[in-house]
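Take a look at the structure set out below.
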Amino acid sequence: MTGILGKTITDYFNGFLSTLAENSGLLFWKGVGILLIIVGGKLVLNLISQLTARQIKKSEEMPEMQARRVQTMMTMTRSTFRYIVYGICALMILAQLGFGNAINNLLLSAGIGSLALGIGAQSLIKDVVTGFFMMFEKQFSVGDYVKLDDIEGTVTATAMRVTYLKNFAGQQIIIPNGSIGRVINYSRMDSLAKVTVSTPYEADSRQVMEILDQAVKTYARQVKEIIVEEPKVQGITELADSSVNITIICRTLPLRHWEVERGLRLAVKEALDEAGIGIPYPQQDVHLKMEAEDSSQPN
């Protein structure tokens, strides 16, 4: 039994070698063809990458919003051509391997539309279509600071299927375009700096608001290039358990509100220290009820 099995394996291996020998020339040229397809695809992708990189470099001399728009379109173009070139190369390689007729028959029998309706293809098409709509509607561009649903970060690239964000921690976040439901773009409109100052109940609130008003206006004059509207002391916005909370607001250039908030807090702290007004601390009143001793109880 073992001898028969060994002879069968040997015959099969010899037949395989004979087939290779008979078709060695054909296999060689098919291999050369596949290699040329791969090299050609890489050359095309490199050319597209160079052209888009050149346009992105030129955009650095344009106005900021126009530059972001160009960078967004170039990254989207690069991603689109990458998928197209990969797809064409894959089909050409399959044709070289002898699967060309099978693929044609599959497309003719099933139809391209029915293939696209597959479960995986539906998700892919949704990502691609959503990505194109976001680009043409100019919802955001490369360099914008956005909030996509619950994720915030700076847009570093927009591809045909996904969007790349980078958060404050430096982490790269990849979001499928089809899963994006709500977009908040913080880079397109003025930002609002908001600071809440807690003051003690013992302090004169009117006097405190005058001190705060002078302090924030002095600070605003120092950074007037990033201030859109002068800071305003809104007044008392909350009577908390242990503090009287006073709110200050200020409109700034896009994404400069964090810087202004830090500056306002420092200006407020220095002004209150100079006026001798401390910060409030949690307080609690304790009332003790002393019950009279029962005179009927013996000492």
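A note on labels: chains of the structure tokens are A, B, ... as shown, every chain counts residues from 1, and ligands are counted from 1 in their shown order.
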
Practice task
Write out as a list in words each polymer residue whose atoms come within 8 Å of stretch 158-162 of chain A, counting only C-alpha atoms; drop sequence neighbours fewer than 5 positions from it.
Solution key: Thr72, Thr75, Met76, Thr77, Arg78, Ser79, Thr80, Leu124, Asp127, Val128, Gly131, Phe132, Ser141, Val142, Ile174, Ile175, Pro176, Asn177 and Gly178 of chain A

Selection above as a file: C-alpha atoms, as a short mmCIF file (atom, residue, chain, number, x, y, z; two decimals), in the first residue's frame:
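Saved result, selection30.cif, follows:
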data_model
loop_
_atom_site.label_atom_id
_atom_site.label_comp_id
_atom_site.auth_asym_id
_atom_site.auth_seq_id
_atom_site.Cartn_x
_atom_site.Cartn_y
_atom_site.Cartn_z
CA THR A 72 -8.02 68.35 0.43
CA THR A 75 -5.26 64.00 -1.07
CA MET A 76 -8.65 62.84 -2.33
CA THR A 77 -7.31 62.61 -5.91
CA ARG A 78 -4.31 60.60 -4.75
CA SER A 79 -6.53 58.17 -2.86
CA THR A 80 -8.97 57.79 -5.77
CA LEU A 124 -17.53 50.50 0.59
CA ASP A 127 -17.91 55.37 2.40
CA VAL A 128 -16.89 56.52 -1.08
CA GLY A 131 -16.50 61.13 1.06
CA PHE A 132 -17.23 62.77 -2.28
CA SER A 141 -10.61 70.63 4.58
CA VAL A 142 -7.14 69.41 5.44
CA ILE A 174 -9.04 56.81 10.96
CA ILE A 175 -12.78 57.23 10.45
CA PRO A 176 -14.76 55.57 7.60
CA ASN A 177 -16.58 58.34 5.74
CA GLY A 178 -19.84 56.39 5.74
#

Handout entry: Filtered DSSP result for stretch 95-271 of chain A, state strand (DSSP E), as a PyMOL selection string
Key = chain A and resi 145-148+151-158+162-166+172-176+183-185+191-199+232-239+244-252

Exercise for the section: Mind giving me the straight-line distance from atom CA of A:Ala240 to atom CA of A:Tyr201 in Å, one decimal? Expected result: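 These two atoms are separated by 9.6 Å.
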
Problem - Distance of atom CA of A:Lys224 from atom CA of A:Glu238, expressed in Å to one decimal place - result: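 Computing the Euclidean distance for atom CA of A:Glu238 and atom CA of A:Lys224 yields 29.2 Å.
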
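A straight line drawn from atom CA of A:Leu255 to atom CA of A:Ser187 is 6.5 Å long.
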
Exercise for the section: Write out as a list in words each polymer residue whose atoms come within 7 Å of stretch 48-62 of chain A, counting only C-alpha atoms; drop sequence neighbours fewer than 6 positions from it. Expected result: Val70, Gln71, Met74 and Arg78 of chain A

Take the residues just selected and output them with C-alpha atoms as a short mmCIF file (atom, residue, chain, number, x, y, z; two decimals), in the first residue's frame.
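Now in part_9.cif:
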data_model
loop_
_atom_site.label_atom_id
_atom_site.label_comp_id
_atom_site.auth_asym_id
_atom_site.auth_seq_id
_atom_site.Cartn_x
_atom_site.Cartn_y
_atom_site.Cartn_z
CA VAL A 70 -6.33 72.45 -2.67
CA GLN A 71 -4.71 70.10 -0.15
CA MET A 74 -5.08 66.58 -3.87
CA ARG A 78 -4.31 60.60 -4.75
#

Handout entry: Given only C-alpha atoms as the counted atoms, nearest of A:Leu45, A:Ile248, A:Val85, A:Ile34 to A:Thr196
Key =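 Closest residue, counting only C-alpha atoms: A:Ile248.
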
Handout entry: Who sits within 7 Å of A:Asn167, only C-alpha atoms, same chain under 3 positions skipped, as a list in words
Key = Glu152, Gly153, Thr154, Gly170, Gln171 and Gln172 of chain A

File dump, residues just selected, C-alpha atoms, as an mmCIF file, in the first residue's frame:
data_model
loop_
_atom_site.group_PDB
_atom_site.id
_atom_site.type_symbol
_atom_site.label_atom_id
_atom_site.label_comp_id
_atom_site.auth_asym_id
_atom_site.auth_seq_id
_atom_site.Cartn_x
_atom_site.Cartn_y
_atom_site.Cartn_z
ATOM 1 C CA GLU A 152 -12.257 65.728 17.773
ATOM 2 C CA GLY A 153 -9.008 66.406 15.960
ATOM 3 C CA THR A 154 -7.212 68.119 13.105
ATOM 4 C CA GLY A 170 -0.794 62.990 18.657
ATOM 5 C CA GLN A 171 -2.835 59.858 17.947
ATOM 6 C CA GLN A 172 -3.977 59.256 14.388
#

Handout entry: Which residue of A:Pro63, A:Pro200, A:Gly33, A:Gly143 approaches A:Leu94 most closely, using only C-alpha atoms
Key =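 For A:Leu94, the nearest of the candidates is A:Gly33.
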
Handout entry: Best match for closeness to A:Asp241 among A:Gly40, A:Pro280, A:Gly263, A:Gly87, counting only C-alpha atoms
Key =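 The closest residue to A:Asp241 is A:Pro280.
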